[in-house]
Every structure is written in C-alpha cells, then in structure tokens.
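Visitor: Hey, dropping start-v7.txt in here, compact mmCIF, C-alpha atoms and all ligand atoms:
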```txt
# COMPACT_ATOMS: atom_id res chain seq x y z
CA MET B 1 34.37 45.00 -8.45
CA LYS B 2 36.79 42.26 -9.35
CA CYS B 3 35.91 38.89 -10.86
CA ASN B 4 36.66 36.92 -7.70
CA GLU B 5 34.66 39.35 -5.55
CA LEU B 6 31.71 38.84 -7.84
CA ASN B 7 32.27 35.12 -7.66
CA ASN B 8 31.87 35.20 -3.88
CA LEU B 9 28.58 37.09 -4.18
CA ILE B 10 27.12 35.08 -7.00
CA ASP B 11 24.66 33.04 -4.88
CA ASP B 12 23.23 36.12 -3.23
CA TYR B 13 23.17 38.03 -6.51
CA ILE B 14 21.15 35.34 -8.25
CA ALA B 15 18.85 35.01 -5.25
CA GLY B 16 18.34 38.80 -5.38
CA GLN B 17 19.64 39.19 -1.86
CA ILE B 18 22.17 41.92 -2.40
CA GLU B 19 22.05 45.55 -1.39
CA ALA B 20 21.35 48.02 -4.15
CA GLY B 21 24.79 49.67 -4.17
CA VAL B 22 26.62 46.38 -4.54
CA GLU B 23 24.13 45.16 -7.10
CA LYS B 24 24.92 48.21 -9.21
CA GLN B 25 28.64 47.41 -8.97
CA ILE B 26 27.92 43.87 -10.10
CA SER B 27 25.82 44.88 -13.07
CA ASP B 28 28.45 47.43 -14.08
CA HIS B 29 31.05 44.69 -13.96
CA LEU B 30 28.86 42.36 -15.94
CA THR B 31 28.50 44.86 -18.78
CA VAL B 32 32.26 44.85 -19.26
CA CYS B 33 33.29 41.31 -18.28
CA ILE B 34 32.24 38.57 -20.61
CA ASP B 35 33.62 35.80 -18.34
CA CYS B 36 31.52 36.82 -15.38
CA ARG B 37 28.50 37.29 -17.58
CA GLU B 38 28.91 33.74 -18.78
CA ARG B 39 29.43 32.48 -15.22
CA VAL B 40 26.28 34.20 -14.00
CA ARG B 41 24.35 32.75 -16.92
CA GLN B 42 25.62 29.26 -16.11
CA TYR B 43 24.73 29.68 -12.48
CA LYS B 44 21.21 30.80 -13.26
CA GLU B 45 20.81 27.84 -15.55
CA TYR B 46 22.21 25.58 -12.86
CA PHE B 47 19.69 26.76 -10.29
CA VAL B 48 16.80 26.39 -12.71
CA ARG B 49 17.84 22.83 -13.38
CA MET B 50 18.35 21.96 -9.76
CA ALA B 51 14.89 23.33 -9.07
CA THR B 52 13.40 20.78 -11.44
CA PHE B 53 14.76 18.04 -9.25
CA ASN B 54 12.21 16.98 -6.75
CA ALA B 55 12.56 13.86 -4.68
CA PRO B 56 9.41 11.73 -4.51
CA ASN B 57 7.41 11.63 -1.32
CA LEU B 58 7.11 8.64 0.92
CA ASP B 59 3.47 7.83 1.30
CA SER B 60 2.20 7.12 4.78
CA GLY B 61 1.57 3.44 4.06
CA ARG B 62 5.16 2.82 3.05
CA SER B 63 6.41 4.94 5.90
CA ALA B 64 4.45 2.86 8.39
CA ARG B 65 5.70 -0.35 6.80
CA ILE B 66 9.34 0.71 7.01
CA LEU B 67 8.89 1.69 10.65
CA ARG B 68 7.14 -1.56 11.49
CA LEU B 69 9.89 -3.61 9.83
CA ALA B 70 12.52 -1.62 11.70
CA VAL B 71 10.86 -2.42 15.00
CA GLU B 72 10.60 -6.12 14.14
CA GLU B 73 14.18 -6.38 12.94
CA GLY B 74 15.46 -4.23 15.80
CA GLU B 75 13.73 -6.49 18.34
CA LYS B 76 15.29 -9.54 16.71
CA ARG B 77 18.75 -8.06 16.90
CA ILE B 78 18.35 -7.03 20.50
CA ALA B 79 17.21 -10.53 21.35
CA ALA B 80 20.17 -11.97 19.46
CA LYS B 81 22.51 -9.71 21.40
CA LYS B 82 21.01 -10.76 24.70
CA HIS B 83 21.42 -14.37 23.78
CA LYS B 84 24.97 -13.80 22.66
CA LEU B 85 25.78 -11.97 25.85
CA SER B 86 24.50 -14.61 28.22
CA PHE B 87 26.29 -17.24 26.20
CA MET B 88 29.54 -15.36 26.35
CA ARG B 89 29.31 -14.47 29.98
CA GLY B 90 29.48 -18.11 30.74
CA PHE B 91 32.53 -18.43 28.60
CA ALA B 92 34.70 -15.51 29.54
CA ALA B 93 33.71 -12.89 32.03
CA ALA B 94 33.48 -9.37 30.69
CA SER B 95 34.30 -10.33 27.19
CA ILE B 96 32.14 -9.59 24.26
CA LEU B 97 34.44 -10.90 21.64
CA ALA B 98 37.67 -12.74 21.48
CA VAL B 99 40.28 -11.92 18.92
CA ALA B 100 42.82 -14.59 18.38
CA LEU B 101 46.37 -13.68 17.58
CA LEU B 102 48.61 -16.50 16.63
CA PHE B 103 52.29 -16.40 17.22
CA GLY B 104 54.54 -18.59 15.17
CA VAL B 105 57.03 -20.58 17.18
CA ASN B 106 60.21 -18.91 15.99
CA THR B 107 58.95 -16.17 13.78
CA LEU B 108 57.82 -13.02 15.42
CA ASN B 109 57.69 -11.24 12.12
CA THR B 110 55.20 -8.75 10.84
CA SER B 111 53.99 -10.55 7.75
CA ASN B 112 50.32 -11.43 7.48
CA PRO B 113 49.20 -9.83 10.69
CA PRO B 114 45.93 -11.32 11.85
CA SER B 115 43.14 -8.88 11.61
CA GLU B 116 39.65 -9.43 12.86
CA ILE B 117 36.58 -7.37 13.19
CA VAL B 118 35.27 -6.60 16.60
CA SER B 119 31.74 -5.29 16.71
CA MET B 120 30.48 -3.22 19.56
CA TYR B 121 27.28 -1.49 20.33
CA ASP B 122 27.77 0.61 23.40
CA TRP B 123 29.93 3.50 24.39
CA GLU B 124 31.58 1.72 27.22
CA ARG B 125 32.71 -1.68 26.36
CA ASP B 126 35.11 -4.32 27.46
CA ILE B 127 36.87 -6.00 24.61
CA SER B 128 39.07 -8.97 25.05
CA LEU B 129 42.26 -9.69 23.28
CA VAL B 130 43.04 -13.33 23.19
CA ILE B 131 46.72 -13.72 22.58
CA HIS B 132 47.80 -17.19 21.70
CA VAL B 133 51.51 -17.84 22.17
CA PRO B 134 53.56 -20.99 21.66
CA ASN B 135 55.75 -20.54 24.77
CA ASP B 136 55.72 -18.68 28.04
CA MET B 137 56.72 -15.08 27.47
CA ASP B 138 57.31 -13.37 30.78
CA GLY B 139 57.53 -9.63 30.65
CA ALA B 140 56.42 -9.26 27.05
CA LEU B 141 55.60 -5.65 26.27
CA LEU B 142 52.11 -4.99 24.95
CA VAL B 143 51.88 -1.70 23.05
CA LEU B 144 48.62 -0.10 21.94
CA ASP B 145 48.02 2.97 19.81
CA LEU B 146 44.49 4.15 20.12
CA PRO B 147 42.56 6.08 17.48
CA ASP B 148 40.93 9.37 18.51
CA ASP B 149 37.55 7.80 18.95
CA ILE B 150 38.64 5.20 21.48
CA SER B 151 40.21 5.53 24.88
CA ILE B 152 40.92 3.24 27.78
CA ARG B 153 38.60 3.95 30.70
CA GLY B 154 40.50 5.70 33.44
CA LEU B 155 43.31 6.56 31.04
CA GLU B 156 41.30 8.76 28.71
CA TYR B 157 44.18 11.15 28.09
CA LEU B 158 46.53 8.50 26.70
CA ALA B 159 46.67 7.64 23.02
CA HIS B 160 49.70 5.41 23.36
CA ILE B 161 49.86 2.82 26.10
CA GLU B 162 52.39 0.13 26.81
CA TRP B 163 52.70 -2.24 29.71
CA PRO B 164 54.42 -5.51 30.46
CA VAL B 165 52.36 -8.67 30.43
CA ASP B 166 53.34 -12.17 31.44
CA LEU B 167 52.05 -14.38 28.68
CA LYS B 168 51.66 -18.06 29.35
CA LYS B 169 51.87 -20.78 26.75
CA GLY B 170 48.49 -21.07 25.10
CA SER B 171 45.75 -18.48 25.25
CA ASN B 172 45.97 -15.34 27.30
CA VAL B 173 42.89 -13.19 27.73
CA ILE B 174 43.47 -9.50 28.31
CA THR B 175 40.47 -7.34 28.94
CA LEU B 176 40.49 -3.77 27.73
CA PRO B 177 37.88 -1.45 29.20
CA ILE B 178 37.31 1.06 26.45
CA ASN B 179 35.23 4.13 25.80
CA ILE B 180 34.00 4.98 22.36
CA GLU B 181 33.24 8.56 21.46
CA PRO B 182 29.49 8.96 20.99
CA TYR B 183 29.73 10.00 17.38
CA ALA B 184 32.20 7.33 16.45
CA GLU B 185 29.20 5.15 15.76
CA TYR B 186 29.27 5.92 12.10
CA ALA B 187 32.88 6.84 11.80
CA GLU B 188 35.19 5.23 9.37
CA GLN B 189 36.40 1.90 10.49
CA LEU B 190 38.41 2.27 13.66
CA THR B 191 41.74 0.60 13.90
CA LEU B 192 43.72 -0.21 16.97
CA ALA B 193 47.41 -0.57 16.29
CA ALA B 194 49.06 -2.97 18.69
CA SER B 195 52.32 -4.78 19.02
CA ILE B 196 53.97 -7.24 21.32
CA GLU B 197 57.66 -7.02 22.00
CA TYR B 198 59.52 -9.90 23.52
CA LYS B 199 63.25 -10.49 23.62
CA ASP B 200 64.16 -8.10 20.82
CA LYS B 201 61.40 -9.46 18.66
CA LYS B 202 58.38 -7.47 17.79
CA ARG B 203 55.09 -8.52 16.34
CA ASP B 204 52.77 -5.79 15.03
CA PHE B 205 49.13 -6.30 14.43
CA MET B 206 46.13 -4.24 13.56
CA LEU B 207 42.73 -4.79 15.08
CA ASP B 208 39.86 -3.48 13.02
CA ILE B 209 37.00 -2.36 15.15
CA SER B 210 33.75 -2.04 13.32
CA LEU B 211 31.10 0.12 14.89
CA ALA B 212 28.71 -0.51 12.07
CA SER B 213 25.39 -2.22 12.42
CA PRO B 214 25.39 -5.41 14.43
CA GLN B 215 26.01 -8.51 12.44
CA THR B 216 25.13 -11.46 14.50
CA GLY B 217 26.46 -13.94 12.02
CA LYS B 218 29.88 -12.40 12.16
CA HIS B 219 29.91 -12.64 15.91
CA SER B 220 29.29 -16.30 15.93
CA GLN B 221 31.94 -16.93 13.32
CA LEU B 222 34.55 -14.98 15.16
CA PHE B 223 33.58 -16.44 18.42
CA ASP B 224 33.70 -19.95 17.10
CA ALA B 225 37.07 -19.30 15.55
CA SER B 226 38.55 -18.27 18.85
CA ALA B 227 36.75 -21.03 20.70
CA ALA B 228 38.34 -23.46 18.29
CA LEU B 229 41.71 -22.02 19.14
CA PHE B 230 41.01 -22.51 22.78
CA ASN B 231 40.18 -26.13 22.19
CA ASN B 232 43.48 -26.66 20.48
CA VAL B 233 45.46 -25.48 23.44
CA MET D 234 29.56 -5.67 31.56
CA THR D 235 27.30 -3.94 34.02
CA GLN D 236 26.72 -1.19 31.50
CA VAL D 237 25.97 -3.68 28.80
CA VAL D 238 23.34 -5.43 30.82
CA SER D 239 21.70 -2.24 31.98
CA PHE D 240 21.50 -1.07 28.39
CA PHE D 241 19.06 -3.80 27.63
CA LYS D 242 17.02 -3.30 30.75
CA ARG D 243 16.50 0.37 30.10
CA GLN D 244 13.08 1.12 28.76
CA SER D 245 12.54 3.87 26.27
CA SER D 246 10.76 6.76 27.84
CA GLY D 247 7.66 8.49 26.55
CA ASP D 248 6.53 8.12 22.99
CA SER D 249 7.03 4.95 21.03
CA PHE D 250 9.76 4.58 18.45
CA GLU D 251 7.26 4.85 15.65
CA GLU D 252 5.58 7.93 17.07
CA VAL D 253 8.88 9.71 17.48
CA LEU D 254 10.08 8.95 13.97
CA ALA D 255 6.94 9.13 11.88
CA PRO D 256 7.06 12.95 11.47
CA HIS D 257 10.61 12.73 10.11
CA MET D 258 10.12 9.88 7.68
CA ASN D 259 9.24 11.82 4.54
CA SER D 260 12.09 14.24 4.87
CA LEU D 261 14.57 11.45 5.63
CA PHE D 262 13.29 9.52 2.65
CA LYS D 263 13.76 12.50 0.35
CA GLN D 264 17.30 12.92 1.56
CA ALA D 265 17.96 9.22 1.12
CA TYR D 266 16.62 9.51 -2.42
CA GLN D 267 18.92 12.42 -3.13
CA TYR D 268 21.85 10.43 -1.84
CA THR D 269 21.09 7.16 -3.58
CA GLY D 270 19.30 8.25 -6.74
CA ASN D 271 16.41 5.80 -6.69
CA THR D 272 13.48 4.91 -4.52
CA GLN D 273 14.43 1.31 -3.78
CA ASP D 274 17.90 2.15 -2.50
CA ALA D 275 16.47 5.11 -0.62
CA GLU D 276 14.04 2.82 1.19
CA ASP D 277 16.80 0.33 1.93
CA LEU D 278 19.04 3.03 3.32
CA LEU D 279 16.25 4.39 5.47
CA GLN D 280 15.32 0.90 6.64
CA ASP D 281 18.92 0.13 7.63
CA LEU D 282 19.15 3.37 9.52
CA LEU D 283 15.94 2.74 11.44
CA VAL D 284 16.88 -0.79 12.45
CA GLU D 285 20.06 0.64 13.87
CA LEU D 286 18.29 3.49 15.61
CA TYR D 287 15.80 1.12 17.16
CA GLN D 288 18.65 -0.44 19.06
CA LYS D 289 19.79 2.96 20.29
CA GLN D 290 16.54 4.34 21.49
CA ASP D 291 18.09 5.96 24.51
CA LYS D 292 20.04 8.23 22.15
CA LEU D 293 16.92 8.91 20.17
CA HIS D 294 15.25 10.26 23.25
CA THR D 295 18.19 12.32 24.40
CA ALA D 296 19.36 13.88 21.12
CA LYS D 297 19.31 17.66 21.45
CA SER D 298 17.91 18.35 18.03
CA LEU D 299 16.31 15.19 16.78
CA ARG D 300 15.94 16.43 13.24
CA ALA D 301 19.59 17.41 12.95
CA TRP D 302 20.72 14.23 14.63
CA LEU D 303 18.67 12.10 12.25
CA MET D 304 20.01 13.97 9.24
CA ARG D 305 23.54 13.38 10.44
CA CYS D 306 22.89 9.71 11.17
CA LEU D 307 21.36 9.19 7.74
CA TYR D 308 24.24 10.87 5.97
CA ASN D 309 26.84 8.99 8.00
CA ARG D 310 25.02 5.78 7.36
CA PHE D 311 25.06 6.56 3.64
CA VAL D 312 28.76 7.32 3.66
CA ASP D 313 29.81 4.53 5.92
CA GLY D 314 27.60 1.51 5.95
CA TYR D 315 25.74 1.79 2.73
CA ARG D 316 28.74 1.78 0.42
CA LYS D 317 29.58 -1.73 1.48
CA LYS D 318 26.48 -2.99 -0.24
CA LYS D 319 25.90 -0.83 -3.24
CA SER D 320 28.50 1.05 -5.14
CA ALA D 321 26.67 3.03 -7.76
CA PRO D 322 23.16 4.43 -7.99
CA ASN D 323 20.83 2.43 -10.11
CA PHE D 324 19.20 4.52 -12.76
CA ASP D 325 17.09 1.75 -14.22
CA SER D 326 14.62 2.27 -11.48
CA LEU D 327 13.96 5.73 -12.84
CA HIS D 328 11.63 3.96 -15.15
CA ASP D 329 9.94 1.88 -12.57
CA GLU D 330 6.28 2.20 -12.07
CA TYR D 331 6.51 3.36 -8.51
CA LEU D 332 8.60 6.36 -9.42
CA ALA D 333 6.51 7.08 -12.47
CA ASN D 334 3.56 7.53 -10.14
CA LYS D 335 5.55 9.32 -7.52
CA LEU D 336 7.32 12.02 -9.46
CA PRO D 337 5.92 15.12 -7.93
CA ASN D 338 3.48 17.62 -9.35
CA ASP D 339 4.82 18.90 -12.68
CA ASP D 340 5.37 15.86 -14.83
CA SER D 341 6.03 17.62 -18.10
CA PRO D 342 8.58 15.74 -20.22
CA GLU D 343 11.03 18.54 -19.74
CA THR D 344 10.92 18.45 -15.96
CA SER D 345 11.22 14.71 -15.98
CA TYR D 346 14.11 14.96 -18.43
CA TRP D 347 15.97 17.38 -16.21
CA HIS D 348 15.12 15.44 -13.09
CA LYS D 349 16.94 12.55 -14.70
CA GLN D 350 19.80 14.74 -15.83
CA VAL D 351 20.26 16.10 -12.33
CA LEU D 352 20.24 12.57 -10.91
CA ALA D 353 22.79 11.45 -13.47
CA GLY D 354 24.91 14.50 -12.67
CA LEU D 355 24.68 13.85 -8.94
CA SER D 356 26.01 10.35 -9.48
CA LEU D 357 29.29 11.90 -10.66
CA LEU D 358 29.79 13.64 -7.35
CA SER D 359 31.58 12.38 -4.29
CA ARG D 360 29.30 11.56 -1.38
CA GLU D 361 30.34 14.71 0.42
CA GLN D 362 29.69 16.86 -2.63
CA ARG D 363 26.40 15.16 -3.21
CA MET D 364 25.20 15.74 0.33
CA VAL D 365 26.04 19.42 0.38
CA VAL D 366 24.75 20.12 -3.13
CA CYS D 367 21.41 18.42 -2.37
CA LEU D 368 20.88 19.90 1.06
CA HIS D 369 22.06 23.37 0.05
CA ASP D 370 20.99 23.85 -3.56
CA ILE D 371 17.88 21.68 -3.53
CA GLU D 372 16.66 21.67 0.07
CA GLY D 373 17.73 25.22 0.79
CA HIS D 374 19.77 24.76 3.94
CA THR D 375 22.51 27.31 4.53
CA LEU D 376 26.12 26.25 4.81
CA ALA D 377 26.17 27.39 8.43
CA GLU D 378 23.19 25.15 9.24
CA LEU D 379 24.76 22.22 7.47
CA SER D 380 28.05 22.71 9.24
CA ASP D 381 26.18 22.55 12.53
CA ILE D 382 24.05 19.56 11.53
CA MET D 383 26.79 17.47 9.97
CA LYS D 384 29.62 18.57 12.28
CA ILE D 385 31.73 19.34 9.25
CA PRO D 386 33.74 22.58 9.07
CA LEU D 387 32.17 25.36 7.00
CA GLY D 388 35.20 25.69 4.75
CA THR D 389 35.15 22.00 3.93
CA LEU D 390 31.46 22.13 3.04
CA LYS D 391 32.00 25.20 0.92
CA SER D 392 34.71 23.57 -1.13
CA HIS D 393 32.58 20.43 -1.59
CA LEU D 394 29.71 22.64 -2.73
CA PHE D 395 31.76 24.55 -5.26
CA ARG D 396 33.45 21.48 -6.67
CA GLY D 397 30.12 19.67 -6.87
CA ARG D 398 28.47 22.58 -8.65
CA ARG D 399 31.32 22.82 -11.11
CA ILE D 400 30.93 19.15 -12.03
CA LEU D 401 27.17 19.51 -12.46
CA GLN D 402 27.47 22.69 -14.49
CA ASP D 403 30.01 21.08 -16.77
CA ARG D 404 27.71 18.16 -17.24
CA PHE D 405 24.64 20.30 -17.89
CA LYS D 406 26.58 22.23 -20.54
CA LEU D 407 27.07 19.03 -22.49
CA GLN D 408 23.40 18.17 -22.62
CA PRO D 409 21.10 18.67 -25.56
CA PHE D 410 17.98 20.78 -25.46
CA ASP D 411 19.77 23.52 -23.78
CA ASP D 412 17.35 26.10 -25.05
CA CYS D 413 14.34 24.73 -23.24
CA VAL D 414 15.30 26.36 -20.02
CA ARG D 415 17.83 28.94 -21.05
CA LEU D 416 17.24 32.22 -19.32
ZN ZN B 501 34.58 39.44 -14.26
```
Mind converting the file's structure to structure tokens?
Ligand SMILES: [Zn+2]
Guide:
Amino acid sequence: MKCNELNNLIDDYIAGQIEAGVEKQISDHLTVCIDCRERVRQYKEYFVRMATFNAPNLDSGRSARILRLAVEEGEKRIAAKKHKLSFMRGFAAASILAVALLFGVNTLNTSNPPSEIVSMYDWERDISLVIHVPNDMDGALLVLDLPDDISIRGLEYLAHIEWPVDLKKGSNVITLPINIEPYAEYAEQLTLAASIEYKDKKRDFMLDISLASPQTGKHSQLFDASAALFNNV
Amino acid sequence: MTQVVSFFKRQSSGDSFEEVLAPHMNSLFKQAYQYTGNTQDAEDLLQDLLVELYQKQDKLHTAKSLRAWLMRCLYNRFVDGYRKKKSAPNFDSLHDEYLANKLPNDDSPETSYWHKQVLAGLSLLSREQRMVVCLHDIEGHTLAELSDIMKIPLGTLKSHLFRGRRILQDRFKLQPFDDCVRL
C-alpha cells in the first residue's frame, strides 16, 4: 500500500466500508507511516466535527408562511408581467424589451459600448434590438455571437450569425426569435456579443441578458429609456 | 409572442403549489442554512427561490425528479442570484433567539461550539466547495448522486470536496479545545 492509494480509500476506511484484506494492508501501512497515521487522525476528527453540525429545522408554521408569501408575491409578479406585456404589445409587436444602441455621428468606435439588461422568463422569446443610427446605413452588417445557452429559432446550429440590414436614420427595430436552454435559467449572466459593420467602420457591443428573477422595476426603466429615445427621433 | 401569452393561460395541473412543495420545505431550508450560515438568510434564499418557482409552475409539474430539481434550483439560486444581495454569511445571528431555540437535540456547549466552528469554517469555502462538503459530508449524499443532481462532473465535485475539506481541516487544527473530541 502506498500513501496515495491509502489517501483514495480514506473515506471508506473511516466509514468501515473496506474489505478485510485491504483493511489489513491499510493498518500495516499505518503502523509504519507517520504521515498517513496523522492524516487518518485528522480525517476522523474532521468527520466527528462535521457530525456536530446540524442545521435547524423549519417548523411547519414558518414553512406555511414562506409558501403563502411565495404564492402572493408570485401572483403579483405574474400580474405585473401580464400588464407589461399588454402594454408593450401595443407599442411594438413581438417585443418584450427594447435595447437602445446609440451611434455617434462620425465615431463608430468601440469605446463605452452601451450595455443593457434584458430580462426574460420563457424558453422561447422574441427580443428586440432597437438600433438608433444618425444616418441611413444601407447594407450594414449585423454580426451576432451567441452563447451556448441561446440560439436563434430555426438556426439552432449556428453560434455565429451575420446578415446585412438596411438601417434607416432613427430607430430600427430588429426582432430576434431566440431559444434559451432550459437550464440556463440560473446560469451565469448570458452575454450576446454583437457588432455592426458599415463602410469599414465597426461598432462592437455587448448585450447582457439576465435570466434571473423578474424585476419589474428594471423593465419599466429600460422601457422608458428606449421610449424616450424613440420620442427624440 | 404566442408562446408568451399561452404561458400565462396555462393552468397548473393537479396539486396546488403549496401541496407540491410542502414536503420538501424542511430539507430545502436545511440546505439553504448550510449554504448561507444563518436562519434569516436561509429563509430569504428559500423565499426567493419559491417566488421564482411559482412563476414556473409548469416546470414544477414536469420535472423528472422533483427533489433533485429543487436541490439544483436552490443551489443555482444561491450561486447566481443570491450573491448579488449578500456577500458574506452573517454570524451574528448565531446568537439570535430563534436559532438558540432551534439548534437541534444535543445542545451541550461543546456541540454548539463546534457547530459554530463548522459554520465559520464553511464561510471560508467557495460556494462550490461549500455545497459539496455540506451535501456529501453532512447530508451523506454520494458524489455520484450529487453529480447527477447538480449536473456537475464527478471529477469537478471531487476536487471541490477535497479542497474544501483541506481548508476545514486546517481551520479545525487551529482551534482551541482540541482534546474535547480527539479520538
Ligand atoms: Zn503513508
């Protein structure tokens, strides 16, 4: 028996779940190896201490209260979403959120890329990019790099997509039908890397997509911000 | 948009939200306590999770193993959403009255002392280490089970477990009244 072999068996050895022959090899090793003896002692001590840790129970009254609050709050948020949806439908078909991207008149540089949070709840979702440009840009190239958790419906196999778009002066709404992987719901923040290329100039931007819990307040803010941009057109 | 609208129209089938979740509450709470280190944050974490789940009741009713799915959701919620609000566990609440009444069965000073020491040690761990140490070394899940539940590769869990244990063991070594529990 070597030290590292013993190390791999240490859990089972301490739990007494080791066949007799191997156990004999271990105890033989322990009589000659002071390091392993010390390691086994530390492990035993560790398990004794961990065993003293015992999380408190949740009594049934508190459990019921937490559940009741969750139902109340959940209902509120669903109602808020419904309201938000009907409001938005009137504004822009198939859009749940507008992200405004401002282009400077002469500077298509990459400094200070606008970055907004888009919140989504469902696995299939249309998100809208609102691209605000100072001049007509015919044949601008829109380039998207999608994270693993997001794909464009109908183009699920593509992680990199680019296509020409004719952008008109002012706001341009582009709808992206996306799928979100079911377990992306709690994933790290998702980021969509995008860029627009026009006449040898390129503007990169990152769109943060938050799949975290719905935050109604944030929606309104974002929405208002883009609505304000629309009004300025 | 069609999908979005139909999502809201869909009614949850069968048992109510509360009926489905009630049997899992205590175990989720204990896990939340192990992750957060105090009862108040554990309740907050659980509450946040449930509000979110309420809005996804269709998934609740279709999850293959509800228990595993809930464990994964809770852990992911802890890792992802929860950190935005609270950065470090709050040990002051160890002294709060609620916990004083709630510490289970053996409330000898020594057990309580080590309970606190374990909590303090856990706070040194990364969230991944903390999860696997608690669910493996305290709750008794195997690494294979946890890999399946959390959808994290076995090797990754194993290395989190061993690093977490090393940190805890080093911390325990430094504590006084070592002889109380020495074997
Ligand atoms: Zn050895």
Visitor: When you look at Val351 in chain D with a cut-off of 8 Å (counting all atoms listed in the file), what residues show up, excluding the ones that are within fewer than 3 positions of it in the same chain? I need them as a ChimeraX atom specification.
Guide: /B:49-50,53 /D:347-348,354-355,401
Visitor: Residues contacting ligand ZN 501 (chain B) - anything with an atom at most 12 Å away, using all atoms listed in the file - can you give me those as a list of chain:residue names?
Guide: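 Listing the residues within 12 Å of ligand ZN 501 (chain B) gives B:Met1, B:Lys2, B:Cys3, B:Asn4, B:Glu5, B:Leu6, B:Asn7, B:Asn8, B:Leu9, B:Ile10, B:Gln25, B:Ile26, B:Ser27, B:Asp28, B:His29, B:Leu30, B:Thr31, B:Val32, B:Cys33, B:Ile34, B:Asp35, B:Cys36, B:Arg37, B:Glu38, B:Arg39, B:Val40.
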Visitor: Keeping only C-alpha atoms, take the residues you just selected and write them out as a CSV table (one decimal), keeping the file's coordinate frame.
Guide:
```
chain,number,residue,atom,x,y,z
B,1,MET,CA,34.4,45.0,-8.4
B,2,LYS,CA,36.8,42.3,-9.4
B,3,CYS,CA,35.9,38.9,-10.9
B,4,ASN,CA,36.7,36.9,-7.7
B,5,GLU,CA,34.7,39.4,-5.6
B,6,LEU,CA,31.7,38.8,-7.8
B,7,ASN,CA,32.3,35.1,-7.7
B,8,ASN,CA,31.9,35.2,-3.9
B,9,LEU,CA,28.6,37.1,-4.2
B,10,ILE,CA,27.1,35.1,-7.0
B,25,GLN,CA,28.6,47.4,-9.0
B,26,ILE,CA,27.9,43.9,-10.1
B,27,SER,CA,25.8,44.9,-13.1
B,28,ASP,CA,28.4,47.4,-14.1
B,29,HIS,CA,31.0,44.7,-14.0
B,30,LEU,CA,28.9,42.4,-15.9
B,31,THR,CA,28.5,44.9,-18.8
B,32,VAL,CA,32.3,44.8,-19.3
B,33,CYS,CA,33.3,41.3,-18.3
B,34,ILE,CA,32.2,38.6,-20.6
B,35,ASP,CA,33.6,35.8,-18.3
B,36,CYS,CA,31.5,36.8,-15.4
B,37,ARG,CA,28.5,37.3,-17.6
B,38,GLU,CA,28.9,33.7,-18.8
B,39,ARG,CA,29.4,32.5,-15.2
B,40,VAL,CA,26.3,34.2,-14.0
```
Visitor: With only C-alpha atoms as the counted atoms, please give the residues lying no more than 7 Å from Leu146 in chain B, apart from itself and same-chain residues fewer than 3 positions off, as a PyMOL selection string.
Guide: chain B and resi 150-151+159-160+192-193
Visitor: Would you mind exporting C-alpha atoms of the selected residues as a PDB file, in the frame of the given file?
Guide:
```
ATOM      1  CA  ILE B 150      38.640   5.200  21.480  1.00  0.00           C
ATOM      2  CA  SER B 151      40.210   5.530  24.880  1.00  0.00           C
ATOM      3  CA  ALA B 159      46.670   7.640  23.020  1.00  0.00           C
ATOM      4  CA  HIS B 160      49.700   5.410  23.360  1.00  0.00           C
ATOM      5  CA  LEU B 192      43.720  -0.210  16.970  1.00  0.00           C
ATOM      6  CA  ALA B 193      47.410  -0.570  16.290  1.00  0.00           C
TER       7      ALA B 193
END
```
Visitor: Can you work out which one of D:Leu303, D:Cys367, D:Leu358, D:Leu379 has the shortest atom-to-atom distance to chain B, counting all atoms listed in the file?
Guide: D:Cys367
Visitor: With distances taken over only C-alpha atoms, which residue among D:His294, D:Arg398, D:His393, D:Arg300 lies nearest chain B?
Guide: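 With only C-alpha atoms as the atom set, the closest residue is D:Arg398.
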Visitor: Choose the residue, out of D:Thr295, D:Ser249, D:Arg310, D:Ile385, that has the smallest atom-to-atom separation from chain B; count all atoms listed in the file.
Guide: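 Under the stated criterion, the closest residue is D:Arg310.
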Visitor: Taking all atoms listed in the file into account, which of D:Tyr346, D:Phe405, D:Trp302, D:Phe250 comes nearest Asp381 in chain D?
Guide: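 Ranked by minimum distance to Asp381 in chain D, first place goes to D:Trp302.
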Visitor: Which polymer residues have any atom within 10 Å of an atom of Ile382 in chain D, counting all atoms listed in the file, with same-chain residues fewer than 5 positions away left out, as a ChimeraX atom specification?
Guide: /D:298,300-306,376-377
Visitor: Pick from B:Val71, B:Ile18, B:Ala79, B:Leu144: nearest to Leu158 in chain B, with all atoms listed in the file counted?
Guide: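 Among the listed residues, the smallest separation from Leu158 in chain B belongs to B:Leu144.
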Visitor: Go through B:Lys24, B:Lys76, B:Lys81, B:Lys199 one by one, measure the shortest atom-to-atom distance of each to Met137 in chain B using all atoms listed in the file, and give the residue with the smallest value.
Guide: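 Between B:Lys24, B:Lys76, B:Lys81, B:Lys199, the residue approaching Met137 in chain B most closely is B:Lys199.
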Visitor: What separation in Å, quoted to one decimal, exists between CA of Ile131 in chain B and CA of Pro177 in chain B?
Guide: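 Interatomic distance, CA of Ile131 in chain B to CA of Pro177 in chain B: 16.5 Å.
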